[in-house]
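A.B. asks: Mind having a look at this structure? Questions to follow.
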Amino acid sequence: MSRVVVTGLGVVSPYGVGVRPFWEGLSSGRCAIRPITLFETGGFRSRIAGEVPAPALDALAASRRRSRADRFGLAAAREAVVDAGLSRAEQAIAGVIVGGVGGGMLEAETWYWEMARSGEDPRRRPALRSILPSSHAEVVAHCLGLGGPKETVVMACSSGAASVALAADLIVDGIAPLMLAGGVDALTRICFMGFNALKLLDPDPCRPFDRDRRGMSLGEGAAFIVLEDWEHARGRGARPYAELLSSGLSTDAFHVTSPHPGADGVIRAITDSLARAGLPAGDVGYVNAHGTGTAQNDRTEALALGKVFGTAGLLMSANKSLIGHAMAAAGALEAVATVLTLRHGVIPPTANLDHPDPEIPFDCVPHTARPASVRVAMSNSFGFGGQNVSLIFRRWE
Amino acid sequence: MVSSPKQRVVLTGVGSLSALGAGGFTALGHALEAARPAIDAVRAFPVEGFGSRLAGEVPDGALADLVGRDEARRLSRICQLTVAACRLALRDARMDPGVDGTELGLIVGTEFGDLRSSQEFADGYLKKGPVGLSAMIFPHTVMNTMAATAAIAVGAKGPSVTLNQATVAGELAVAHGASMVANARMSAVLVGGVDEICPILYRMLSALGGLSPMAGGPEGCWPFDRRHNGPVRGEGATFVLLETLEGALRRGAAIRAELRGAAWGNSPVGRDRAPRSDGDASVITRALARAGLAPDSVGWAYLSGTGDPPLDDWQLELVRRAFGDHRPRLTSLTPLAGDHAGLGALRVAAAAWTAGTRHLPGLPSLSEPVRKDCAFATGGGTPAGEGAGVIQGVARGGTQVALVVSPFDAESQ
């Protein structure tokens, strides 16, 4: 039996670079969803997102020749490794799993737009080298000298959480003692246009669990967690933030974009994670919800939580109301937020929640952060293709 | 977290669509026996001005009986390839996930995903503005679309994971799936890979100098030969069904081979580089240790052997370090089918076939090996040595994967 602990955190978010601004932003309830500046948004229903501020990006040490997403990933990974106090020798045995979706598509789009309009290859080809999601893991592993397993997992909006779950499995199975797990995504035109085409974006900052919610807001960023076998962490004198008790992964096998109406897959992910942790549902004090703000997703998630936990006493909130939906990075950002919630005893609020939906009968912590001594917390992430991931963390005592 | 007892992992089904044809374990065996290279000039689109002209394409009409009319209308081609290969693998294994399906996982390796749909989606906007955007196409721009559609088609409700990786995505999927079964997270997992050739991809790879002829000269796929000058692209989907020995025996499945061990790791170098000869041989060594086998018990190996010179050189150095003076017979399937993510599972399926038949397809055009201290299978093929087989894949950026396959020994249950 192995215990998996969290010993390092790193974040790039719409609040800027670093775990500190991330937590200060979340716990202050300040919504970071603003008009998009990265590309043209004329003619679209929604024109806002949680964008990483330009000055924060400019301050990053990573090469400007790298894609925006690779720069996010490298900055967050570096912070996590430094935070965990890993030596070069420890990095050499560490593996990395990165959840990605958009890769360097933002820069590749610029190449393709130019080629389509001019009819000629603009020869800005370096953009193509980083187009794939696997670019993030390659850059992080190379720059940090990581010699363990290196993987890129693409599970749509649950990619970041899946990377944490799969990395923990490798530790439990004895394949690696130390893993860097996280998610990376930058805003792209294709993603922005696609969710607009699906009419899933709210023209205003999203309002998860609100009666009048009209869709989600996009976001971007990166987050990494250093996961470690407890014996290994103890051996090097590391002090964990929290323990990752378990994970549950499931697939709806129902529809490519719509969740199962009975929340079948979500319920299986949640109950599997509880079973693997050996915990009764009542032990979970807080759920960091997937909470996108779409009518269907919020209803499905609430249905699943109601069936597993009942409605009494469960606290839940949605980080996406503050920073938008960062796609592949979302699950990793929310995993970090969940760990910090346990650490600080403060639940970040759900912003913009003025009229709670009566069909979602939970305390969703509207507007203002709430002190709460939570011992066990769950983070949920769901994605296109009916891909569901639940993570359970326990406060380190 | 609780780590469950280790389970033995066996291979019970194969589904493959590649330039070599479509079918299950038996059909693949026939293709390997024939060992006829299926690389030819690209048929699907014009390649004038691209600098390369060869590829291993899936034969026209291969999908006809494997996807329904509605699926052919709704799904992109790469999703159809995935669905078809997964169905073939389950049919080959005589497994029906049934209404439950919660004990069946799916792991899809891909290098490029559905780039064709991304291009089509973007073109809609570039031609007509926001009204030209298709909500139907958008989900296919996300690389997990193949896993999502295949999970729906075959009713796989366990984890469905997509792994994106250059060159060895298929091997990684098999390694990860084997670990999932060995550690009792799933009773059975469909694992494999898929890629397709499309104009935007061929143009990109050609522009980046990622295809033969990388440095001029004639174009061709010549792994481990002095003429090697880059990969020739292939396409297709191959999936194998891995399950616990216990489960396979319980349902009376035909066991094609046992997957004895897997290991994967990284020798950190830049994304576009191959490590030099100072690479780490421990991935093969670790896989053998997990299998409980000594290096000299390995008789043969399927290598990724893409024909990319620095990768070929690194790979042979790793093999020599792992095996020392022992010389397993080495081969690669890229000259037959072209390099693509489906090839990882194709190599595993081929290894299962070799484990049963003791026949190893050769490198059809090897004339002047880059190393004299390695033993290559040549021509149409050679008898495989006794013992287990290794599948090893390496990629630029330093990723390595090693898998160990042996015939299933019923006496050792």
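Residues in the structure tokens are named by chain (A, B, ... in the order shown) and by number from 1 within that chain; ligands are numbered from 1 in the order shown.
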Taking the chain letters and numbering used in this document, name the residues of segment 202-345 of chain A that DSSP puts in alpha helix (DSSP H), as a PyMOL selection string.

C.D. replies: chain A and resi 230-235+264-277+295-309+320-323+330-344

A.B. asks: Compute the chain B side of the contact with chain A at 6 Å, counting only C-alpha atoms, and hand it back as a PyMOL selection string.

C.D. replies: chain B and resi 1-3+135+138+144+148+151-152+155+157-159+162-165+264-271

A.B. asks: Just to confirm, what's the straight-line distance from atom CA of Pro275 of chain B to atom CA of Ala222 of chain A in Å (one decimal)?

C.D. replies: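 These atoms are spaced 27.9 Å apart.
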
A.B. asks: I'd like the neighbourhood of Arg329 of chain B as a PyMOL selection string, where a residue qualifies if any of its atoms comes within 10 Å (using only C-alpha atoms), though same-chain residues fewer than 6 positions away should be ignored.

C.D. replies: chain B and resi 298-302+360+362+374-378+382-385+389

A.B. asks: With C-alpha atoms retained, could you export that selection as a tab-separated table (two decimals), in the first residue's frame?

C.D. replies:
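The result, stored in again-v9.tsv:
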chain	number	residue	atom	x	y	z
B	298	VAL	CA	14.85	-12.84	-25.53
B	299	GLY	CA	15.00	-14.26	-29.04
B	300	TRP	CA	13.66	-11.41	-31.14
B	301	ALA	CA	12.51	-7.80	-31.03
B	302	TYR	CA	10.15	-5.56	-32.94
B	360	LEU	CA	9.68	-13.02	-37.80
B	362	GLY	CA	12.20	-9.21	-42.08
B	374	CYS	CA	23.27	-6.35	-34.42
B	375	ALA	CA	21.40	-9.30	-35.91
B	376	PHE	CA	18.61	-8.20	-38.24
B	377	ALA	CA	15.79	-10.22	-39.74
B	378	THR	CA	16.03	-9.67	-43.47
B	382	THR	CA	13.40	-15.53	-40.77
B	383	PRO	CA	12.68	-18.10	-38.08
B	384	ALA	CA	12.51	-16.26	-34.76
B	385	GLY	CA	14.87	-17.36	-32.08
B	389	GLY	CA	10.10	-11.12	-27.63

A.B. asks: Pull the strand (DSSP E or B) assignments for segment 335-393 of chain A out of DSSP run on the backbone, and list those residues as a list in words.

C.D. replies: Val346, Ile347, Thr350, Pro356, Asp363, Pro366, Arg370, Pro371, Val376, Ala377, Met378, Ser379, Asn380, Ser381, Phe382, Gly383, Gln387, Asn388, Val389, Ser390, Leu391, Ile392 and Phe393 of chain A

A.B. asks: If we count only C-alpha atoms, what is near segment 4-14 of chain B at a cut-off of 7 Å, once residues fewer than 4 positions away on the same chain are taken out, given as a list in words?

C.D. replies: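 Residues near the query, excluding close chain neighbours: Gly24, Phe25, Leu88, Ala89, Leu90, Asp92, Ala93, Ala178, Val181, Ala182, Asn183, Ala184, Phe239, Val240, Leu241, Leu242, Glu243, Thr244, Leu245, Ala253, Ala254, Ile255, Arg256, Ala257, Glu258, Leu259 and Ala349 of chain B.
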
A.B. asks: List the neighbours of segment 367-377 of chain A out to 6 Å using only C-alpha atoms; skip same-chain residues closer than 4 positions along the sequence, and give me the result as an MDAnalysis selection string.

C.D. replies: chainID A and resid 27 29 284:287 342 345:351 392:395

A.B. asks: For Val67 of chain B, please output as JSON, numbers by chain all residues within 8 Å (counting only C-alpha atoms; exclusion window: fewer than 3 positions along the same chain).

C.D. replies: {"B": [63, 64, 71, 72, 80, 83, 84]}

A.B. asks: Would you mind listing what lies within 6 Å of segment 190-195 of chain B as a list of chain:residue names, with only C-alpha atoms counted and same-chain residues fewer than 5 positions away left out?

C.D. replies: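 Contacts, in chain order: B:Leu106, B:Ile107, B:Val108, B:Gly109, B:Thr110, B:Gly170, B:Ala173, B:Val174, B:Glu235, B:Gly236, B:Ala237, B:Thr238, B:Phe239, B:Val240, B:Leu241, B:His340, B:Ala341, B:Gly342, B:Ala345.
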
A.B. asks: How would the residues just chosen look if you wrote them out with C-alpha atoms as an mmCIF file, in the first residue's frame?

C.D. replies:
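What follows is the written file result-v2.cif:
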data_model
loop_
_atom_site.group_PDB
_atom_site.id
_atom_site.type_symbol
_atom_site.label_atom_id
_atom_site.label_comp_id
_atom_site.auth_asym_id
_atom_site.auth_seq_id
_atom_site.Cartn_x
_atom_site.Cartn_y
_atom_site.Cartn_z
ATOM 1 C CA LEU B 106 -10.053 2.072 -23.732
ATOM 2 C CA ILE B 107 -6.683 3.702 -24.303
ATOM 3 C CA VAL B 108 -6.032 5.413 -27.626
ATOM 4 C CA GLY B 109 -2.595 6.566 -28.671
ATOM 5 C CA THR B 110 -2.308 9.149 -31.407
ATOM 6 C CA GLY B 170 0.673 3.080 -29.541
ATOM 7 C CA ALA B 173 -1.125 3.047 -24.777
ATOM 8 C CA VAL B 174 -0.345 -0.664 -24.537
ATOM 9 C CA GLU B 235 -1.962 5.467 -41.407
ATOM 10 C CA GLY B 236 -4.498 3.253 -39.767
ATOM 11 C CA ALA B 237 -5.789 1.972 -36.457
ATOM 12 C CA THR B 238 -4.760 -1.140 -34.580
ATOM 13 C CA PHE B 239 -6.169 -2.182 -31.224
ATOM 14 C CA VAL B 240 -5.577 -5.246 -29.098
ATOM 15 C CA LEU B 241 -7.665 -6.521 -26.220
ATOM 16 C CA HIS B 340 1.836 5.921 -37.545
ATOM 17 C CA ALA B 341 0.425 5.585 -34.041
ATOM 18 C CA GLY B 342 -1.451 2.401 -34.962
ATOM 19 C CA ALA B 345 -0.269 -2.069 -31.198
#

A.B. asks: Would you mind telling me which residue in B:Ala402, B:Pro361, B:Asp96, B:Phe408 lies nearest to His30 of chain B when using only C-alpha atoms?

C.D. replies: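 Closest candidate: B:Pro361.
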